[in-house]
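Undergrad: The structure under discussion is supplied below as structure tokens; questions concerning it will follow.
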Amino acid sequence: MKVEFIAFDSMGVKSSCVQVKTRDATITIDPGIAIEEDSFPLDGVRRTWLVNKFYSEIIDSCKKSDIIIVTHYHYDHYQPDPELFKGKTVLLKDWKKDINKSQKGRAAELLSIIEKGRNKAKLIRAIDGKELRIGRTKIKFSKPMWHGPEKSKVGYVLMVSIEDATKKKLLFTSDLDGPYIEKYANMIIKEKPDVLVMDGFPTYLLGFIASYENLRKVLKNTIKILEKTKCELYILDHHLLRDYRYRELYYEVFKKAKELGKNVMTAAEANGEKPQCLLGYMKNGPTRWKNWEKLTFSKLNKIVREAKAKGRKIRTKAKKGKTTKKTTGKTKKTKAKKTTKKTAKAKRSKKAGKTKKRKTKKPKKSSKRKK
Ligand SMILES: [Zn+2]
């Protein structure tokens with residue numbers, strides 16, 4: 001089996017495109033691409049240049065492939081471009097079952113492009129939970145798995161494993177955001193891969209839709225995977241590599257990897273290059289995050305604990321406000337209303353995963369990281 005990392009976030013584009021070549025077939029997984037966020041430490045011109053550069057490599061990989069796999073319908077995992085699928089066997093996440101509205105719309109768009117006409121695909125199949133063989137190569141797809149937390153609005157993805165005649169196995173987790181769910185970590189362990197390609201937590205969204213509490217879950221699950229598998233190579237990339245702080249935020253994972261002697265790296269590093277977010281940071285300095293430090297479990301526990309305490313305080317205050325509303329007369333109504341609004345806000349922030357506390361407990365200054 002020959003594995004090629006075609007385009008990844010560590011290379012400066014939103015992507016996780018891999019090519020796997022066995023004696024029986026060449027397979028490209030997730031031929032998608034998108035431009036990095038403004039928080040990425042490269043200017044827009046450079047980011048666009050990278051998209052163009054890597055998109056031509058993705059096209060090239062697809063041209064050399066017999067099979068194209070799309071694990072879900074986000075543009076960093078496929079593009080609605082017939083050039084990628086023309087004359088190929090196309091294995092897709094089921095577009096009818098276990099799919100959210102936005103992915104369903106995009107799937108319909110893709111199918112309309114590749115189903116007919118001069119540029120149509122050779123064969124199109126929905127492959128959720130299926131296993132197929134090409135010669136002595138086995139390709140196995142998971143059942144739909146949540147893109148991030150359970151009941152995620154972003155929808156489902158498929159995990160893919162490819163095993164060649166020599167029983168060497170690559171496992172591509174797609175976008176599990178971590179893995180975040182412990183059951184998924186156990187599924188990865190059970191697969192016993194030799195090469196594991198994981199997407200990592202979206203730390204660039206910490207304090208928005210990603211919480212420290214969830215980051216803690218992901219770190220623990222990742223460490224469990226390192227402890228219980230014997231991969232020759234662990235790729236940690238995609239969402240995580242959108243953030244130039246990634247090595248400090250994943251401090252515990254890298255520490256454990258070193259302790260266990262596990263080969264953990266980004267796709268860029270596997271290709272012998274430094275991750276673009278670090279190169280960009282070194283050249284251009286910080287963008288959104290100016291100060292941060294190594295995030296140890298003890299610091300992380302403290303952040304989560306304080307966040308929870310703050311959430312409780314807001315809730316108690318809000319409850320008291322509610323009581324005031326009930327017992328007071330007309331004149332106090334406005335005030336009570338305001339407090340109730342606060343309650344709703346507090347509830348919302350709690351639901352969003354206790355991320356508010358970031359304001360008070362952001363990882364602090366690291367004197368070493370000054371440019
Ligand atoms: Zn993605």
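Identifiers for the structure tokens are assigned positionally: chains receive A, B, ... in sequence, residues are indexed from 1 per chain, and ligands are indexed from 1 in the order shown.
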Looking only at helix (DSSP H, G or I) from DSSP on the backbone, list the matching residues of region 92-185 of chain A as a compact mmCIF listing (two decimals) with N, CA and C atoms, in the first residue's frame.

TA:
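Saved as out.txt:
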# COMPACT_ATOMS: atom_id res chain seq x y z
N LYS A 101 -30.21 18.78 6.05
CA LYS A 101 -30.77 19.50 4.90
C LYS A 101 -29.69 20.08 3.98
N SER A 102 -28.70 20.73 4.60
CA SER A 102 -27.71 21.39 3.75
C SER A 102 -26.87 20.38 2.98
N GLN A 103 -26.49 19.27 3.64
CA GLN A 103 -25.72 18.25 2.93
C GLN A 103 -26.57 17.60 1.83
N LYS A 104 -27.86 17.45 2.11
CA LYS A 104 -28.76 16.84 1.13
C LYS A 104 -28.81 17.69 -0.14
N GLY A 105 -28.90 19.00 0.05
CA GLY A 105 -28.94 19.92 -1.08
C GLY A 105 -27.66 19.84 -1.90
N ARG A 106 -26.55 19.80 -1.21
CA ARG A 106 -25.26 19.73 -1.91
C ARG A 106 -25.08 18.40 -2.63
N ALA A 107 -25.59 17.32 -2.00
CA ALA A 107 -25.49 16.00 -2.64
C ALA A 107 -26.28 15.99 -3.94
N ALA A 108 -27.48 16.60 -3.90
CA ALA A 108 -28.32 16.65 -5.10
C ALA A 108 -27.59 17.42 -6.21
N GLU A 109 -26.93 18.49 -5.83
CA GLU A 109 -26.17 19.30 -6.78
C GLU A 109 -25.06 18.45 -7.41
N LEU A 110 -24.33 17.72 -6.56
CA LEU A 110 -23.22 16.90 -7.06
C LEU A 110 -23.74 15.81 -8.01
N LEU A 111 -24.81 15.13 -7.59
CA LEU A 111 -25.34 14.05 -8.42
C LEU A 111 -25.79 14.57 -9.78
N SER A 112 -26.41 15.75 -9.78
CA SER A 112 -26.89 16.30 -11.06
C SER A 112 -25.72 16.56 -12.01
N ILE A 113 -24.55 16.78 -11.43
CA ILE A 113 -23.38 17.07 -12.26
C ILE A 113 -22.69 15.80 -12.75
N ILE A 114 -22.69 14.76 -11.92
CA ILE A 114 -21.88 13.57 -12.29
C ILE A 114 -22.70 12.38 -12.81
N GLU A 182 -16.65 9.03 22.93
CA GLU A 182 -15.77 7.93 23.35
C GLU A 182 -16.03 6.64 22.57
N LYS A 183 -17.28 6.40 22.25
CA LYS A 183 -17.63 5.21 21.48
C LYS A 183 -16.86 5.20 20.13
N TYR A 184 -16.70 6.36 19.56
CA TYR A 184 -15.98 6.46 18.29
C TYR A 184 -14.49 6.15 18.48
N ALA A 185 -13.94 6.61 19.60
CA ALA A 185 -12.54 6.30 19.89
C ALA A 185 -12.39 4.78 19.98

Undergrad: Identify, on the basis of only C-alpha atoms, every residue whose closest approach to Ser16 (chain A) does not exceed 12 Å; exclude the query and any residue fewer than 6 positions from it along the same chain; express the result as a PyMOL selection string.

TA: chain A and resi 4-10+28-34+54-55+58+69-72+74-78+172-175+197-200+235-241+266-268

Undergrad: Would you write out those residues with N, CA and C atoms, as a compact mmCIF listing (two decimals), in the first residue's frame?

TA:
# COMPACT_ATOMS: atom_id res chain seq x y z
N GLU A 4 -0.48 8.60 -0.10
CA GLU A 4 0.01 9.95 -0.41
C GLU A 4 -0.92 10.98 0.18
N PHE A 5 -0.35 11.92 0.91
CA PHE A 5 -1.15 13.00 1.49
C PHE A 5 -1.18 14.13 0.47
N ILE A 6 -2.34 14.30 -0.16
CA ILE A 6 -2.44 15.21 -1.31
C ILE A 6 -2.62 16.66 -0.86
N ALA A 7 -3.62 16.91 -0.01
CA ALA A 7 -3.88 18.29 0.45
C ALA A 7 -4.46 18.23 1.86
N PHE A 8 -3.92 19.03 2.75
CA PHE A 8 -4.37 19.04 4.14
C PHE A 8 -4.24 20.45 4.71
N ASP A 9 -4.91 20.67 5.84
CA ASP A 9 -4.80 21.98 6.49
C ASP A 9 -3.36 22.31 6.88
N SER A 10 -2.59 21.30 7.18
CA SER A 10 -1.19 21.55 7.52
C SER A 10 -0.42 22.09 6.32
N THR A 28 -8.85 7.84 -4.29
CA THR A 28 -8.70 9.17 -3.69
C THR A 28 -9.86 9.39 -2.72
N ILE A 29 -9.51 9.73 -1.48
CA ILE A 29 -10.55 10.00 -0.48
C ILE A 29 -10.69 11.51 -0.30
N ASP A 30 -11.92 11.99 -0.39
CA ASP A 30 -12.29 13.38 -0.10
C ASP A 30 -11.53 14.44 -0.90
N PRO A 31 -11.85 14.50 -2.22
CA PRO A 31 -11.17 15.49 -3.07
C PRO A 31 -11.82 16.87 -2.96
N GLY A 32 -11.70 17.49 -1.79
CA GLY A 32 -12.32 18.81 -1.59
C GLY A 32 -11.29 19.82 -1.15
N ILE A 33 -11.67 21.09 -1.21
CA ILE A 33 -10.73 22.14 -0.81
C ILE A 33 -11.49 23.44 -0.52
N ALA A 34 -11.00 24.19 0.44
CA ALA A 34 -11.56 25.52 0.73
C ALA A 34 -10.44 26.39 1.28
N PHE A 54 -3.05 23.45 -4.64
CA PHE A 54 -3.45 22.13 -4.18
C PHE A 54 -4.67 21.58 -4.92
N TYR A 55 -5.51 22.48 -5.44
CA TYR A 55 -6.64 21.95 -6.21
C TYR A 55 -6.14 21.25 -7.47
N ILE A 58 -5.16 17.87 -6.42
CA ILE A 58 -6.33 17.02 -6.15
C ILE A 58 -6.89 16.47 -7.47
N ILE A 69 -13.83 8.57 -3.30
CA ILE A 69 -14.71 8.45 -2.12
C ILE A 69 -15.04 9.83 -1.58
N VAL A 70 -16.30 10.05 -1.24
CA VAL A 70 -16.70 11.31 -0.58
C VAL A 70 -17.38 10.93 0.74
N THR A 71 -16.76 11.32 1.87
CA THR A 71 -17.27 10.88 3.18
C THR A 71 -18.42 11.74 3.68
N HIS A 72 -18.55 12.97 3.18
CA HIS A 72 -19.70 13.83 3.47
C HIS A 72 -19.65 15.05 2.57
N HIS A 74 -19.33 18.36 2.47
CA HIS A 74 -18.79 19.69 2.79
C HIS A 74 -17.71 19.97 1.76
N TYR A 75 -17.63 21.23 1.33
CA TYR A 75 -16.74 21.53 0.20
C TYR A 75 -15.26 21.30 0.46
N ASP A 76 -14.88 21.18 1.74
CA ASP A 76 -13.47 20.83 1.97
C ASP A 76 -13.26 19.32 1.83
N HIS A 77 -14.35 18.60 1.44
CA HIS A 77 -14.24 17.14 1.24
C HIS A 77 -14.59 16.68 -0.17
N TYR A 78 -15.14 17.59 -0.96
CA TYR A 78 -15.39 17.31 -2.39
C TYR A 78 -15.65 18.65 -3.04
N PHE A 172 -9.25 6.23 7.82
CA PHE A 172 -9.47 7.66 7.62
C PHE A 172 -10.72 8.02 8.42
N THR A 173 -10.55 8.83 9.47
CA THR A 173 -11.70 9.06 10.36
C THR A 173 -12.69 10.09 9.84
N SER A 174 -12.30 10.84 8.82
CA SER A 174 -13.13 11.95 8.35
C SER A 174 -13.33 12.96 9.48
N ASP A 175 -14.45 13.69 9.46
CA ASP A 175 -14.61 14.80 10.42
C ASP A 175 -15.35 14.39 11.69
N VAL A 197 -5.47 8.31 10.05
CA VAL A 197 -5.57 9.72 9.66
C VAL A 197 -6.75 10.33 10.43
N MET A 198 -6.43 11.20 11.40
CA MET A 198 -7.45 11.81 12.26
C MET A 198 -7.56 13.30 12.01
N ASP A 199 -8.74 13.85 12.27
CA ASP A 199 -8.95 15.26 11.92
C ASP A 199 -8.66 16.25 13.04
N GLY A 200 -8.70 15.84 14.31
CA GLY A 200 -8.39 16.79 15.40
C GLY A 200 -9.49 17.77 15.71
N ILE A 235 -1.56 10.39 11.79
CA ILE A 235 -1.66 11.75 11.24
C ILE A 235 -2.73 12.51 12.02
N LEU A 236 -2.34 13.66 12.50
CA LEU A 236 -3.26 14.53 13.23
C LEU A 236 -3.30 15.83 12.44
N ASP A 237 -4.47 16.16 11.88
CA ASP A 237 -4.47 17.28 10.94
C ASP A 237 -5.86 17.91 10.84
N HIS A 238 -6.17 18.41 9.68
CA HIS A 238 -7.45 19.03 9.34
C HIS A 238 -7.83 20.14 10.32
N HIS A 239 -8.99 20.07 11.02
CA HIS A 239 -9.44 21.21 11.86
C HIS A 239 -8.35 21.74 12.79
N LEU A 240 -7.61 20.82 13.41
CA LEU A 240 -6.62 21.22 14.40
C LEU A 240 -5.54 22.13 13.81
N LEU A 241 -5.20 21.87 12.55
CA LEU A 241 -4.09 22.61 11.93
C LEU A 241 -4.51 23.96 11.35
N THR A 266 1.73 15.78 11.44
CA THR A 266 0.75 16.29 10.48
C THR A 266 1.07 15.71 9.10
N ALA A 267 0.13 15.89 8.18
CA ALA A 267 0.35 15.39 6.82
C ALA A 267 1.53 16.11 6.17
N ALA A 268 1.64 17.43 6.42
CA ALA A 268 2.77 18.19 5.86
C ALA A 268 4.09 17.59 6.35

Undergrad: Extract, using only C-alpha atoms, all DNA, RNA and protein residues at most 12 Å from Arg125 (chain A), discarding same-chain residues fewer than 2 positions from it, and format them as a ChimeraX atom specification.

TA: /A:67-70,88-96,111,114-115,121-123,127-128,130-132

Undergrad: List the neighbours of Val154 (chain A) out to 10 Å using only C-alpha atoms; skip same-chain residues closer than 2 positions along the sequence, and give me the result as a list in words.

TA: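 Near Val154 (chain A), the qualifying residues are His74, Ile99, Asn100, Lys101, Ser102, Gln103, Trp146, His147, Gly148, Pro149, Lys151, Ser152, Tyr156 and Val157 of chain A.
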
Undergrad: Could you write out that same residue set with N, CA and C atoms as a tab-separated table (two decimals), in the first residue's frame?

TA:
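Done, and the output landed in part.tsv:
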chain	number	residue	atom	x	y	z
A	74	HIS	N	-19.33	18.36	2.47
A	74	HIS	CA	-18.79	19.69	2.79
A	74	HIS	C	-17.71	19.97	1.76
A	99	ILE	N	-28.93	12.24	6.71
A	99	ILE	CA	-28.27	13.40	6.10
A	99	ILE	C	-29.06	14.65	6.47
A	100	ASN	N	-28.37	15.72	6.78
A	100	ASN	CA	-29.09	16.95	7.12
A	100	ASN	C	-29.44	17.72	5.85
A	101	LYS	N	-30.21	18.78	6.05
A	101	LYS	CA	-30.77	19.50	4.90
A	101	LYS	C	-29.69	20.08	3.98
A	102	SER	N	-28.70	20.73	4.60
A	102	SER	CA	-27.71	21.39	3.75
A	102	SER	C	-26.87	20.38	2.98
A	103	GLN	N	-26.49	19.27	3.64
A	103	GLN	CA	-25.72	18.25	2.93
A	103	GLN	C	-26.57	17.60	1.83
A	146	TRP	N	-21.51	10.98	13.78
A	146	TRP	CA	-21.74	12.42	13.94
A	146	TRP	C	-20.49	13.24	13.59
A	147	HIS	N	-20.71	14.32	12.89
A	147	HIS	CA	-19.66	15.29	12.60
A	147	HIS	C	-19.53	16.16	13.85
A	148	GLY	N	-18.71	15.72	14.82
A	148	GLY	CA	-18.61	16.43	16.09
A	148	GLY	C	-19.49	15.80	17.16
A	149	PRO	N	-20.14	16.62	17.98
A	149	PRO	CA	-20.94	16.07	19.08
A	149	PRO	C	-22.20	15.35	18.61
A	151	LYS	N	-25.90	14.43	17.85
A	151	LYS	CA	-27.02	15.26	17.34
A	151	LYS	C	-26.50	16.56	16.72
A	152	SER	N	-25.28	16.54	16.25
A	152	SER	CA	-24.68	17.72	15.65
A	152	SER	C	-25.52	18.22	14.46
A	156	TYR	N	-23.78	14.09	9.44
A	156	TYR	CA	-23.03	12.85	9.58
A	156	TYR	C	-21.85	12.77	8.60
A	157	VAL	N	-20.92	11.91	8.96
A	157	VAL	CA	-19.79	11.59	8.07
A	157	VAL	C	-19.60	10.07	8.07
